[in-house]
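Source file: input01.txt; contents: compact mmCIF, C-alpha atoms.
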```txt
# COMPACT_ATOMS: atom_id res chain seq x y z
CA MET A 258 2.76 -21.57 -7.18
CA ASN A 259 1.71 -21.41 -3.56
CA HIS A 260 -1.83 -21.46 -2.20
CA TYR A 261 -2.76 -18.52 0.04
CA GLU A 262 -5.78 -17.34 1.99
CA THR A 263 -6.23 -13.75 2.99
CA VAL A 264 -8.89 -12.38 5.30
CA PHE A 265 -9.43 -8.65 5.46
CA ILE A 266 -11.82 -6.42 7.37
CA LEU A 267 -13.31 -3.28 5.86
CA THR A 268 -14.52 -0.33 7.88
CA PRO A 269 -18.26 -0.50 8.68
CA VAL A 270 -19.04 3.05 7.50
CA LEU A 271 -18.88 2.05 3.81
CA SER A 272 -21.93 1.74 1.59
CA ASP A 273 -22.64 -1.51 -0.27
CA ALA A 274 -21.31 0.01 -3.49
CA GLN A 275 -18.08 1.08 -1.78
CA VAL A 276 -17.62 -2.38 -0.26
CA LYS A 277 -18.05 -4.07 -3.66
CA GLU A 278 -15.73 -1.53 -5.26
CA THR A 279 -13.02 -2.19 -2.65
CA VAL A 280 -13.27 -5.98 -2.98
CA GLU A 281 -13.07 -5.71 -6.77
CA ALA A 282 -10.02 -3.45 -6.43
CA VAL A 283 -8.30 -6.04 -4.21
CA LYS A 284 -9.08 -8.81 -6.71
CA ALA A 285 -7.80 -6.63 -9.56
CA GLU A 286 -4.59 -5.96 -7.64
CA LEU A 287 -4.04 -9.70 -7.19
CA GLU A 288 -4.72 -10.48 -10.84
CA LYS A 289 -2.45 -7.63 -11.93
CA ARG A 290 0.38 -9.27 -9.98
CA GLY A 291 -0.20 -12.66 -11.65
CA ALA A 292 -2.24 -14.40 -8.94
CA THR A 293 -5.16 -16.68 -9.74
CA ILE A 294 -8.20 -16.18 -7.53
CA ILE A 295 -9.72 -19.51 -6.55
CA ASN A 296 -12.48 -18.56 -4.13
CA GLU A 297 -13.99 -15.53 -2.50
CA GLU A 298 -16.40 -15.38 0.39
CA ALA A 299 -18.18 -12.42 1.92
CA TRP A 300 -18.71 -13.20 5.58
CA GLY A 301 -20.72 -10.04 6.18
CA MET A 302 -20.62 -7.57 9.03
CA LYS A 303 -19.38 -9.03 12.29
CA LYS A 304 -18.54 -7.72 15.71
CA LEU A 305 -14.81 -7.25 16.29
CA ALA A 306 -13.12 -8.83 19.29
CA TYR A 307 -11.86 -5.39 20.33
CA PRO A 308 -12.37 -1.87 18.96
CA ILE A 309 -10.16 -0.89 16.01
CA GLU A 310 -10.01 2.81 15.16
CA LYS A 311 -13.01 3.33 17.49
CA LYS A 312 -15.12 0.88 15.46
CA SER A 313 -16.65 -2.26 16.94
CA THR A 314 -17.84 -3.95 13.71
CA GLY A 315 -16.46 -4.57 10.23
CA PHE A 316 -17.13 -6.27 6.89
CA TYR A 317 -15.18 -9.55 6.70
CA PHE A 318 -13.96 -11.07 3.41
CA LEU A 319 -11.94 -14.17 2.51
CA LEU A 320 -9.97 -14.57 -0.71
CA GLU A 321 -8.16 -17.77 -1.71
CA PHE A 322 -5.57 -17.46 -4.44
CA ASP A 323 -2.54 -19.10 -6.02
CA GLY A 324 0.54 -16.99 -6.58
CA GLU A 325 4.18 -16.36 -5.88
CA GLY A 326 5.52 -15.06 -2.58
CA ALA A 327 6.13 -11.58 -4.00
CA VAL A 328 2.39 -11.22 -4.61
CA VAL A 329 1.71 -11.39 -0.87
CA LYS A 330 4.18 -8.61 -0.12
CA LYS A 331 2.60 -6.37 -2.77
CA LEU A 332 -0.91 -7.20 -1.56
CA GLU A 333 -0.07 -6.35 2.05
CA THR A 334 1.50 -3.06 0.94
CA TYR A 335 -1.71 -2.35 -0.96
CA PHE A 336 -3.80 -3.11 2.16
CA ARG A 337 -1.66 -0.77 4.30
CA ARG A 338 -2.29 2.10 1.86
CA GLN A 339 -6.07 1.66 1.91
CA ASP A 340 -8.07 3.64 4.46
CA ARG A 341 -11.01 1.27 4.00
CA VAL A 342 -9.08 -1.82 5.20
CA ILE A 343 -8.72 -1.86 8.98
CA ARG A 344 -7.16 -5.34 9.43
CA PHE A 345 -5.82 -8.13 7.23
CA ILE A 346 -3.95 -11.40 7.46
CA THR A 347 -2.53 -13.64 4.74
CA VAL A 348 -1.65 -17.28 5.36
CA LYS A 349 0.23 -19.71 3.12
CA ASN A 350 -1.57 -23.05 3.09
CA ASP A 351 0.32 -26.32 3.14
CA LYS A 352 -0.99 -29.24 1.10
CA TYR A 353 -3.31 -30.42 3.88
CA ALA A 354 -4.89 -27.00 4.36
CA ALA A 355 -5.29 -26.64 0.58
CA GLU A 356 -7.05 -30.03 0.43
CA TYR A 357 -9.32 -29.02 3.31
CA ALA A 358 -10.16 -25.71 1.59
CA ALA A 359 -11.01 -27.55 -1.64
CA LYS A 360 -13.26 -29.97 0.28
CA ARG A 361 -14.95 -27.07 2.07
CA ARG A 362 -15.60 -25.32 -1.26
CA SER A 363 -17.08 -28.47 -2.79
CA LEU A 364 -19.45 -28.91 0.15
CA LYS A 365 -20.50 -25.28 -0.09
CA ALA A 366 -21.16 -25.41 -3.86
CA PRO A 367 -24.84 -25.34 -4.78
CA LYS A 368 -26.21 -28.76 -5.61
CA THR A 369 -27.92 -29.14 -8.95
CA GLU A 370 -31.11 -31.14 -9.18
CA GLU A 371 -31.29 -33.89 -11.76
CA ALA A 372 -34.59 -34.18 -13.59
```
What would the structure in this file look like if it were written as structure tokens?
Amino acid sequence: MNHYETVFILTPVLSDAQVKETVEAVKAELEKRGATIINEEAWGMKKLAYPIEKKSTGFYFLLEFDGEGAVVKKLETYFRRQDRVIRFITVKNDKYAAEYAAKRRSLKAPKTEEA
């Protein structure tokens, strides 16, 4: 299994419910194809570097997952068919990038207080 990260941008005209619905649909598509989701991050609405489809902002999301190479092809086909997704990129991580991602997740995890 390979470790992948995908970042996708959703159109800014969506409501919060539509954004959550779209992210859940993407996760369901990955799980349907046999991928294991490791981490998800909502980066929020950010300004785009250049206008895309006459929009200057978008909702950014990051998903980390383990899966086979065929999963990426199916995921990107799914993204191309969605009107809500305006941009996406998927990157295969080598072992060093996977270690860095794991370290970043552990630093971001909430710390529990010992009593």
Dig up all the protein and nucleic acid residues within 9 Å of (-2.4, -19.9, -4.6) in the file frame, using only C-alpha atoms, and format them as a CSV table (one decimal) with C-alpha atoms, in the frame of the given file.
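Full text of out-v2.csv as output:
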```
chain,number,residue,atom,x,y,z
A,258,MET,CA,2.8,-21.6,-7.2
A,259,ASN,CA,1.7,-21.4,-3.6
A,260,HIS,CA,-1.8,-21.5,-2.2
A,261,TYR,CA,-2.8,-18.5,0.0
A,262,GLU,CA,-5.8,-17.3,2.0
A,292,ALA,CA,-2.2,-14.4,-8.9
A,293,THR,CA,-5.2,-16.7,-9.7
A,294,ILE,CA,-8.2,-16.2,-7.5
A,295,ILE,CA,-9.7,-19.5,-6.6
A,321,GLU,CA,-8.2,-17.8,-1.7
A,322,PHE,CA,-5.6,-17.5,-4.4
A,323,ASP,CA,-2.5,-19.1,-6.0
A,324,GLY,CA,0.5,-17.0,-6.6
A,325,GLU,CA,4.2,-16.4,-5.9
A,349,LYS,CA,0.2,-19.7,3.1
A,350,ASN,CA,-1.6,-23.0,3.1
A,355,ALA,CA,-5.3,-26.6,0.6
```
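Here CA of Phe318 (chain A) is placed at a distance of 7.4 Å from CA of Gly301 (chain A).
Counting from CA of Arg337 (chain A), the distance to CA of Val280 (chain A) is 14.7 Å.
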- Item | Separation of CA of Leu319 (chain A) from CA of Glu298 (chain A), in Å and rounded to one decimal | 5.1 Å
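Candidate residues A:Tyr353, A:Tyr335, A:Tyr317, A:Phe345 were compared for distance to Lys304 (chain A), and the nearest is A:Tyr317, using all atoms listed in the file.
Excluding Asp340 (chain A) itself and same-chain residues fewer than 2 positions from it, the residues having an atom within 12 Å of it are Ile266, Leu267, Thr268, Pro269, Val270, Leu271, Thr279, Glu310, Tyr335, Phe336, Arg337, Arg338, Val342, Ile343 and Arg344 of chain A, counting all atoms listed in the file.
In terms of minimum interatomic distance to Glu333 (chain A), A:Glu286 ranks closest within A:Asp351, A:Glu281, A:Glu286, A:Asp273, counting all atoms listed in the file.
With distances restricted to all atoms listed in the file, A:Phe316 is the closest residue to Arg341 (chain A) from A:Phe316, A:Glu297, A:Ala285, A:Lys360.
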Using the incomplete input, complete region 348-365 of chain A to the level of N, CA, C and O atoms; output as a JSON list (two decimals), in the frame of the given file.
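Generated output (selection_7.json):
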```
[["chain", "number", "residue", "atom", "x", "y", "z"],
["A", 348, "VAL", "N", -2.24, -16.04, 4.89],
["A", 348, "VAL", "CA", -1.65, -17.28, 5.36],
["A", 348, "VAL", "C", -1.33, -18.16, 4.16],
["A", 348, "VAL", "O", -2.16, -18.31, 3.26],
["A", 349, "LYS", "N", -0.13, -18.74, 4.16],
["A", 349, "LYS", "CA", 0.23, -19.71, 3.12],
["A", 349, "LYS", "C", -0.25, -21.08, 3.58],
["A", 349, "LYS", "O", 0.08, -21.53, 4.68],
["A", 350, "ASN", "N", -1.04, -21.73, 2.74],
["A", 350, "ASN", "CA", -1.57, -23.05, 3.09],
["A", 350, "ASN", "C", -0.60, -24.15, 2.67],
["A", 350, "ASN", "O", -0.08, -24.11, 1.56],
["A", 351, "ASP", "N", -0.42, -25.13, 3.54],
["A", 351, "ASP", "CA", 0.32, -26.32, 3.14],
["A", 351, "ASP", "C", -0.63, -27.24, 2.37],
["A", 351, "ASP", "O", -1.79, -26.90, 2.15],
["A", 352, "LYS", "N", -0.15, -28.39, 1.95],
["A", 352, "LYS", "CA", -0.99, -29.24, 1.10],
["A", 352, "LYS", "C", -2.23, -29.73, 1.83],
["A", 352, "LYS", "O", -3.28, -29.91, 1.21],
["A", 353, "TYR", "N", -2.15, -29.94, 3.13],
["A", 353, "TYR", "CA", -3.31, -30.42, 3.88],
["A", 353, "TYR", "C", -4.38, -29.33, 4.01],
["A", 353, "TYR", "O", -5.57, -29.59, 3.87],
["A", 354, "ALA", "N", -3.94, -28.12, 4.26],
["A", 354, "ALA", "CA", -4.89, -27.00, 4.36],
["A", 354, "ALA", "C", -5.51, -26.72, 3.00],
["A", 354, "ALA", "O", -6.70, -26.39, 2.91],
["A", 355, "ALA", "N", -4.75, -26.85, 1.93],
["A", 355, "ALA", "CA", -5.29, -26.64, 0.58],
["A", 355, "ALA", "C", -6.33, -27.70, 0.25],
["A", 355, "ALA", "O", -7.38, -27.41, -0.34],
["A", 356, "GLU", "N", -6.07, -28.96, 0.65],
["A", 356, "GLU", "CA", -7.05, -30.03, 0.43],
["A", 356, "GLU", "C", -8.32, -29.77, 1.23],
["A", 356, "GLU", "O", -9.43, -29.98, 0.74],
["A", 357, "TYR", "N", -8.16, -29.32, 2.48],
["A", 357, "TYR", "CA", -9.32, -29.02, 3.31],
["A", 357, "TYR", "C", -10.13, -27.88, 2.71],
["A", 357, "TYR", "O", -11.36, -27.93, 2.67],
["A", 358, "ALA", "N", -9.46, -26.85, 2.20],
["A", 358, "ALA", "CA", -10.16, -25.71, 1.59],
["A", 358, "ALA", "C", -10.93, -26.16, 0.35],
["A", 358, "ALA", "O", -12.06, -25.72, 0.12],
["A", 359, "ALA", "N", -10.32, -27.05, -0.45],
["A", 359, "ALA", "CA", -11.01, -27.55, -1.64],
["A", 359, "ALA", "C", -12.24, -28.36, -1.25],
["A", 359, "ALA", "O", -13.30, -28.24, -1.87],
["A", 360, "LYS", "N", -12.12, -29.18, -0.19],
["A", 360, "LYS", "CA", -13.26, -29.97, 0.28],
["A", 360, "LYS", "C", -14.36, -29.06, 0.82],
["A", 360, "LYS", "O", -15.55, -29.27, 0.55],
["A", 361, "ARG", "N", -13.98, -28.02, 1.52],
["A", 361, "ARG", "CA", -14.95, -27.07, 2.07],
["A", 361, "ARG", "C", -15.70, -26.35, 0.94],
["A", 361, "ARG", "O", -16.90, -26.14, 1.00],
["A", 362, "ARG", "N", -14.96, -25.98, -0.11],
["A", 362, "ARG", "CA", -15.60, -25.32, -1.26],
["A", 362, "ARG", "C", -16.57, -26.26, -1.97],
["A", 362, "ARG", "O", -17.64, -25.84, -2.39],
["A", 363, "SER", "N", -16.20, -27.53, -2.10],
["A", 363, "SER", "CA", -17.08, -28.47, -2.79],
["A", 363, "SER", "C", -18.35, -28.74, -2.00],
["A", 363, "SER", "O", -19.42, -28.93, -2.58],
["A", 364, "LEU", "N", -18.25, -28.73, -0.69],
["A", 364, "LEU", "CA", -19.45, -28.91, 0.15],
["A", 364, "LEU", "C", -20.36, -27.68, 0.10],
["A", 364, "LEU", "O", -21.57, -27.79, 0.21],
["A", 365, "LYS", "N", -19.75, -26.52, -0.07],
["A", 365, "LYS", "CA", -20.50, -25.28, -0.09],
["A", 365, "LYS", "C", -21.13, -24.99, -1.44],
["A", 365, "LYS", "O", -22.05, -24.19, -1.56]]
```
